[in-house]
>>> print(open('coords.txt').read())   # compact mmCIF, C-alpha atoms
# COMPACT_ATOMS: atom_id res chain seq x y z
CA MET A 1 -16.99 -5.44 -2.81
CA ASP A 2 -17.50 -1.68 -2.86
CA LEU A 3 -16.75 0.23 -6.04
CA ASN A 4 -16.21 3.95 -5.54
CA ILE A 5 -15.51 5.98 -8.66
CA ALA A 6 -15.38 9.65 -7.77
CA ALA A 7 -17.04 11.95 -10.26
CA THR A 8 -14.75 14.55 -11.75
CA HIS A 9 -15.80 18.13 -11.07
CA GLN A 10 -13.80 19.54 -13.94
CA GLU A 11 -12.54 18.03 -17.16
CA ALA A 12 -8.91 16.97 -16.93
CA PRO A 13 -6.55 18.71 -19.36
CA VAL A 14 -5.19 15.31 -20.50
CA ALA A 15 -6.63 11.82 -20.84
CA ARG A 16 -4.08 10.25 -18.49
CA ALA A 17 -5.59 11.47 -15.24
CA HIS A 18 -7.11 8.54 -13.31
CA VAL A 19 -5.67 6.88 -10.20
CA LEU A 20 -6.86 3.72 -8.44
CA THR A 21 -6.57 2.04 -5.08
CA MET A 22 -7.75 -1.44 -4.20
CA THR A 23 -8.24 -2.66 -0.64
CA ILE A 24 -7.43 -6.33 -0.11
CA LYS A 25 -9.42 -7.95 2.72
CA SER A 26 -6.51 -10.07 3.95
CA PHE A 27 -2.90 -9.73 2.76
CA LYS A 28 0.38 -10.82 4.35
CA GLY A 29 -1.18 -11.16 7.79
CA ARG A 30 -2.86 -7.75 7.66
CA ARG A 31 -6.46 -6.69 7.31
CA ASN A 32 -7.83 -4.30 4.64
CA VAL A 33 -4.53 -3.44 2.99
CA ASP A 34 -4.66 -0.44 0.65
CA VAL A 35 -2.71 -0.99 -2.57
CA HIS A 36 -2.10 2.09 -4.72
CA LEU A 37 -2.11 0.97 -8.35
CA TYR A 38 -0.08 2.62 -11.08
CA ARG A 39 0.98 2.16 -14.67
CA ALA A 40 4.43 0.63 -14.43
CA GLN A 41 5.75 1.41 -17.91
CA TRP A 42 5.41 4.02 -20.60
CA ASN A 43 7.11 4.95 -23.81
CA PRO A 44 9.89 7.51 -23.10
CA ASP A 45 8.58 9.57 -26.01
CA GLU A 46 5.39 10.13 -24.02
CA MET A 47 7.39 12.38 -21.69
CA GLU A 48 7.74 14.85 -24.58
CA HIS A 49 4.06 14.64 -25.52
CA TYR A 50 2.71 16.88 -22.75
CA ASP A 51 2.79 20.62 -22.10
CA TRP A 52 4.36 20.29 -18.65
CA GLU A 53 4.21 24.02 -17.95
CA LYS A 54 0.41 23.83 -18.01
CA LEU A 55 0.17 20.48 -16.20
CA LEU A 56 2.57 21.10 -13.33
CA GLY A 57 2.09 23.74 -10.67
CA ASP A 58 4.36 25.27 -8.09
CA VAL A 59 6.89 23.37 -6.01
CA GLU A 60 5.00 21.88 -3.07
CA HIS A 61 7.90 21.45 -0.61
CA PRO A 62 11.13 23.05 -1.91
CA GLU A 63 13.01 21.92 1.21
CA SER A 64 12.31 18.24 0.49
CA GLY A 65 15.19 17.85 -1.95
CA ILE A 66 12.92 15.97 -4.40
CA ASP A 67 13.46 16.87 -8.03
CA PRO A 68 10.52 19.13 -8.94
CA GLU A 69 10.31 17.46 -12.35
CA ASN A 70 9.65 14.11 -10.66
CA SER A 71 5.96 15.05 -10.69
CA ARG A 72 5.95 14.20 -14.39
CA LYS A 73 6.08 10.54 -13.37
CA VAL A 74 2.97 11.03 -11.24
CA LEU A 75 1.06 11.82 -14.43
CA LEU A 76 2.71 9.06 -16.47
CA GLU A 77 1.76 6.49 -13.81
CA ALA A 78 -1.92 7.50 -14.04
CA PHE A 79 -4.43 5.69 -16.25
CA THR A 80 -6.61 6.83 -19.11
CA LEU A 81 -10.36 6.37 -18.68
CA ASP A 82 -10.26 3.27 -20.88
CA GLU A 83 -7.30 1.78 -18.97
CA ARG A 84 -9.03 2.55 -15.67
CA ASP A 85 -12.20 0.77 -16.78
CA GLN A 86 -10.22 -2.23 -18.08
CA LEU A 87 -8.30 -2.45 -14.82
CA ILE A 88 -11.45 -2.24 -12.70
CA GLN A 89 -13.10 -4.98 -14.77
CA TYR A 90 -9.99 -7.16 -14.48
CA LEU A 91 -9.80 -6.69 -10.70
CA GLN A 92 -13.52 -7.42 -10.25
CA ASN A 93 -13.34 -10.59 -12.37
CA ARG A 94 -10.04 -11.88 -11.04
CA TYR A 95 -10.03 -10.82 -7.37
CA GLY A 96 -13.59 -9.67 -6.59
CA SER A 97 -14.21 -11.84 -3.51
CA LYS A 98 -10.77 -11.01 -2.08
CA LEU A 99 -11.21 -7.25 -2.36
CA GLU A 100 -12.97 -5.02 0.13
CA SER A 101 -13.11 -2.15 -2.35
CA ILE A 102 -11.80 -0.45 -5.47
CA ALA A 103 -11.63 3.34 -5.51
CA SER A 104 -10.80 5.69 -8.34
CA CYS A 105 -10.52 9.44 -8.69
CA SER A 106 -8.85 11.92 -11.00
CA LEU A 107 -5.63 13.77 -10.41
CA ASN A 108 -5.97 17.41 -9.45
CA PHE A 109 -4.41 19.83 -11.92
CA PRO A 110 -2.01 21.44 -11.91
CA ILE A 111 -0.01 18.68 -10.25
CA PRO A 112 2.30 20.14 -7.58
CA ARG A 113 5.98 19.85 -8.43
CA GLY A 114 8.16 17.78 -6.15
CA LEU A 115 5.80 14.88 -5.50
CA THR A 116 7.22 11.37 -5.19
CA ALA A 117 6.03 8.98 -7.86
CA LEU A 118 4.80 5.60 -6.62
CA SER A 119 7.44 3.85 -8.71
CA ASP A 120 10.14 5.80 -6.85
CA VAL A 121 9.11 4.66 -3.37
CA ALA A 122 11.73 2.22 -2.08
CA GLU A 123 10.63 -1.23 -0.99
CA GLY A 124 11.56 -2.23 2.53
CA LYS A 125 10.49 -4.25 5.53
CA SER A 126 6.85 -3.16 5.41
CA VAL A 127 6.64 -1.39 2.03
CA GLY A 128 6.32 -3.59 -1.03
CA ARG A 129 5.01 -3.95 -4.54
CA ILE A 130 2.56 -6.24 -6.27
CA ARG A 131 3.39 -6.75 -9.93
CA LEU A 132 0.06 -7.76 -11.40
CA GLU A 133 1.47 -8.54 -14.84
CA ASN A 134 3.53 -11.36 -13.30
CA VAL A 135 0.41 -13.15 -12.05
CA PRO A 136 -0.72 -16.06 -14.28
CA LYS A 137 -3.58 -15.25 -16.67
CA TYR A 138 -2.95 -11.51 -16.62
CA THR A 139 -5.03 -10.13 -19.50
CA LEU A 140 -4.32 -6.40 -19.65
CA SER A 141 -2.11 -4.93 -22.38
CA PHE A 142 -0.27 -2.62 -19.95
CA PRO A 143 1.74 -3.54 -16.83
CA VAL A 144 0.26 -2.52 -13.48
CA HIS A 145 2.05 -2.40 -10.13
CA GLY A 146 0.61 -1.77 -6.71
CA LEU A 147 2.39 -0.14 -3.78
CA PHE A 148 1.46 -1.06 -0.20
CA ASP A 149 2.70 -0.35 3.32
CA LEU A 150 1.83 -3.10 5.79
CA ASN A 151 2.59 -0.85 8.77
CA GLN A 152 -0.46 1.21 7.86
CA HIS A 153 -2.82 -1.72 8.51
CA GLU A 154 -3.79 -3.72 11.55
CA PRO A 155 -2.66 -7.33 11.94
CA ILE A 156 -5.21 -10.11 11.67
CA MET A 157 -5.55 -11.50 15.19
CA GLU A 158 -7.07 -14.67 16.52
CA ALA A 159 -9.28 -14.57 19.60
CA ASN A 160 -6.33 -15.56 21.83
CA GLY A 161 -4.26 -12.62 20.59
CA ARG A 162 -1.86 -14.50 18.32
CA GLN A 163 -1.44 -13.36 14.76
CA GLN A 164 -3.15 -15.45 12.09
CA ILE A 165 -1.28 -16.30 8.93
>>> encode(input="coords.txt", output="structure tokens")
Amino acid sequence: MDLNIAATHQEAPVARAHVLTMTIKSFKGRRNVDVHLYRAQWNPDEMEHYDWEKLLGDVEHPESGIDPENSRKVLLEAFTLDERDQLIQYLQNRYGSKLESIASCSLNFPIPRGLTALSDVAEGKSVGRIRLENVPKYTLSFPVHGLFDLNQHEPIMEANGRQQI
């Protein structure tokens, strides 16, 4: 399993600045499925804790109709350095042989306004969520969800061209 933790070029203005993706070798009939991990819960008071004027930038796509303040959730879904390290350790211990890779980087600041938070992406035919805290023997103190889109990944095929399950 590859572990790719991108070095930060500048110090983040807040501790909650780390995002992670894991790539599962084989998942739901697809190969190398990217799962974007995010913190699934936070205390509502945390929303008032940050200086949003300094953390959020300009509206990225004003025509999108997305609430510009939705970008606050992008930050609240991110992990602290300690949470990131705990999550990486958990994933390595629990799923190491099933994962192709784990990647982590920091958010870029200021965060553009009008981004869609991962928790706001609707599930559908190919888009779904993994709720890690619902898996037996989950050991982290914070809930983690993962968002994936199966249409972004190639099917696992047998030599005769039929899909493997």
>>> closest_residue(input="coords.txt", among="A:Glu100, A:Glu133, A:Glu77, A:Asp51", to="Ala17 in chain A", atoms="all atoms listed in the file")
A:Glu77
>>> residues_around(input="coords.txt", residues="range 125-129 of chain A", least_positions_apart="3", cutoff="10 Å", atoms="only C-alpha atoms", output="list of chain:residue names")
A:Val35, A:His36, A:Leu37, A:Leu118, A:Ser119, A:Val121, A:Ala122, A:Leu132, A:His145, A:Gly146, A:Leu147, A:Phe148, A:Asp149, A:Leu150, A:Asn151, A:Gln152
>>> write_last_selection(input="coords.txt", atoms="C-alpha atoms", output="PDB file, in the frame of the given file")
ATOM      1  CA  VAL A  35      -2.710  -0.990  -2.570  1.00  0.00           C
ATOM      2  CA  HIS A  36      -2.100   2.090  -4.720  1.00  0.00           C
ATOM      3  CA  LEU A  37      -2.110   0.970  -8.350  1.00  0.00           C
ATOM      4  CA  LEU A 118       4.800   5.600  -6.620  1.00  0.00           C
ATOM      5  CA  SER A 119       7.440   3.850  -8.710  1.00  0.00           C
ATOM      6  CA  VAL A 121       9.110   4.660  -3.370  1.00  0.00           C
ATOM      7  CA  ALA A 122      11.730   2.220  -2.080  1.00  0.00           C
ATOM      8  CA  LEU A 132       0.060  -7.760 -11.400  1.00  0.00           C
ATOM      9  CA  HIS A 145       2.050  -2.400 -10.130  1.00  0.00           C
ATOM     10  CA  GLY A 146       0.610  -1.770  -6.710  1.00  0.00           C
ATOM     11  CA  LEU A 147       2.390  -0.140  -3.780  1.00  0.00           C
ATOM     12  CA  PHE A 148       1.460  -1.060  -0.200  1.00  0.00           C
ATOM     13  CA  ASP A 149       2.700  -0.350   3.320  1.00  0.00           C
ATOM     14  CA  LEU A 150       1.830  -3.100   5.790  1.00  0.00           C
ATOM     15  CA  ASN A 151       2.590  -0.850   8.770  1.00  0.00           C
ATOM     16  CA  GLN A 152      -0.460   1.210   7.860  1.00  0.00           C
TER      17      GLN A 152
END
>>> closest_residue(input="coords.txt", among="A:Asn4, A:Thr139, A:Thr116, A:Ser97", to="Ile66 in chain A", atoms="all atoms listed in the file")
A:Thr116
>>> residues_near_point(input="coords.txt", point="(-0.8, -4.7, 3.9)", cutoff="7 Å", atoms="all atoms listed in the file", output="list in words")
Phe27, Lys28, Arg30, Arg31, Val33, Asp34, Phe148, Asp149, Leu150 and His153 of chain A
>>> closest_residue(input="coords.txt", among="A:Ile102, A:Leu140, A:Arg72, A:Asn108", to="Pro44 in chain A", atoms="only C-alpha atoms")
A:Arg72
>>> atom_distance(input="coords.txt", atom1="CA of Val135 in chain A", atom2="CA of Asp2 in chain A")
23.2 Å
>>> closest_residue(input="coords.txt", among="A:Lys25, A:Lys137, A:His18, A:Lys73", to="Tyr90 in chain A", atoms="all atoms listed in the file")
A:Lys137
>>> atom_distance(input="coords.txt", atom1="CA of Ala7 in chain A", atom2="CA of Ser106 in chain A")
8.2 Å
>>> atom_distance(input="coords.txt", atom1="CA of Thr8 in chain A", atom2="CA of Cys105 in chain A")
7.3 Å
>>> build_atoms(input="coords.txt", residues="range 64-78 of chain A", atoms="N, CA, C and O atoms", output="PDB file, in the frame of the given file")
ATOM      1  N   SER A  64      12.289  19.711   0.472  1.00  0.00           N
ATOM      2  CA  SER A  64      12.310  18.240   0.490  1.00  0.00           C
ATOM      3  C   SER A  64      13.502  17.645  -0.245  1.00  0.00           C
ATOM      4  O   SER A  64      13.885  16.511   0.012  1.00  0.00           O
ATOM      5  N   GLY A  65      14.075  18.374  -1.175  1.00  0.00           N
ATOM      6  CA  GLY A  65      15.190  17.850  -1.950  1.00  0.00           C
ATOM      7  C   GLY A  65      14.748  16.963  -3.106  1.00  0.00           C
ATOM      8  O   GLY A  65      15.575  16.439  -3.840  1.00  0.00           O
ATOM      9  N   ILE A  66      13.442  16.775  -3.295  1.00  0.00           N
ATOM     10  CA  ILE A  66      12.920  15.970  -4.400  1.00  0.00           C
ATOM     11  C   ILE A  66      12.962  16.798  -5.670  1.00  0.00           C
ATOM     12  O   ILE A  66      12.604  17.979  -5.667  1.00  0.00           O
ATOM     13  N   ASP A  67      13.414  16.195  -6.743  1.00  0.00           N
ATOM     14  CA  ASP A  67      13.460  16.870  -8.030  1.00  0.00           C
ATOM     15  C   ASP A  67      12.055  17.336  -8.411  1.00  0.00           C
ATOM     16  O   ASP A  67      11.143  16.512  -8.512  1.00  0.00           O
ATOM     17  N   PRO A  68      11.857  18.632  -8.611  1.00  0.00           N
ATOM     18  CA  PRO A  68      10.520  19.130  -8.940  1.00  0.00           C
ATOM     19  C   PRO A  68       9.933  18.499 -10.204  1.00  0.00           C
ATOM     20  O   PRO A  68       8.725  18.406 -10.351  1.00  0.00           O
ATOM     21  N   GLU A  69      10.795  18.069 -11.104  1.00  0.00           N
ATOM     22  CA  GLU A  69      10.310  17.460 -12.350  1.00  0.00           C
ATOM     23  C   GLU A  69       9.852  16.014 -12.149  1.00  0.00           C
ATOM     24  O   GLU A  69       9.293  15.406 -13.055  1.00  0.00           O
ATOM     25  N   ASN A  70      10.081  15.467 -10.960  1.00  0.00           N
ATOM     26  CA  ASN A  70       9.650  14.110 -10.660  1.00  0.00           C
ATOM     27  C   ASN A  70       8.126  13.980 -10.764  1.00  0.00           C
ATOM     28  O   ASN A  70       7.605  12.899 -11.006  1.00  0.00           O
ATOM     29  N   SER A  71       7.420  15.084 -10.603  1.00  0.00           N
ATOM     30  CA  SER A  71       5.960  15.050 -10.690  1.00  0.00           C
ATOM     31  C   SER A  71       5.473  14.629 -12.074  1.00  0.00           C
ATOM     32  O   SER A  71       4.320  14.246 -12.231  1.00  0.00           O
ATOM     33  N   ARG A  72       6.323  14.700 -13.060  1.00  0.00           N
ATOM     34  CA  ARG A  72       5.950  14.200 -14.390  1.00  0.00           C
ATOM     35  C   ARG A  72       5.597  12.724 -14.315  1.00  0.00           C
ATOM     36  O   ARG A  72       4.659  12.269 -14.964  1.00  0.00           O
ATOM     37  N   LYS A  73       6.349  11.975 -13.515  1.00  0.00           N
ATOM     38  CA  LYS A  73       6.080  10.540 -13.370  1.00  0.00           C
ATOM     39  C   LYS A  73       4.715  10.287 -12.738  1.00  0.00           C
ATOM     40  O   LYS A  73       4.075   9.284 -13.026  1.00  0.00           O
ATOM     41  N   VAL A  74       4.279  11.189 -11.855  1.00  0.00           N
ATOM     42  CA  VAL A  74       2.970  11.030 -11.240  1.00  0.00           C
ATOM     43  C   VAL A  74       1.898  10.974 -12.324  1.00  0.00           C
ATOM     44  O   VAL A  74       1.003  10.137 -12.288  1.00  0.00           O
ATOM     45  N   LEU A  75       2.004  11.836 -13.311  1.00  0.00           N
ATOM     46  CA  LEU A  75       1.060  11.820 -14.430  1.00  0.00           C
ATOM     47  C   LEU A  75       1.235  10.569 -15.283  1.00  0.00           C
ATOM     48  O   LEU A  75       0.256   9.916 -15.648  1.00  0.00           O
ATOM     49  N   LEU A  76       2.466  10.211 -15.593  1.00  0.00           N
ATOM     50  CA  LEU A  76       2.710   9.060 -16.470  1.00  0.00           C
ATOM     51  C   LEU A  76       2.296   7.739 -15.829  1.00  0.00           C
ATOM     52  O   LEU A  76       2.020   6.770 -16.529  1.00  0.00           O
ATOM     53  N   GLU A  77       2.224   7.696 -14.509  1.00  0.00           N
ATOM     54  CA  GLU A  77       1.760   6.490 -13.810  1.00  0.00           C
ATOM     55  C   GLU A  77       0.241   6.385 -13.767  1.00  0.00           C
ATOM     56  O   GLU A  77      -0.297   5.331 -13.468  1.00  0.00           O
ATOM     57  N   ALA A  78      -0.456   7.479 -14.073  1.00  0.00           N
ATOM     58  CA  ALA A  78      -1.920   7.500 -14.040  1.00  0.00           C
ATOM     59  C   ALA A  78      -2.471   6.746 -15.258  1.00  0.00           C
ATOM     60  O   ALA A  78      -1.760   6.457 -16.224  1.00  0.00           O
TER      61      ALA A  78
END
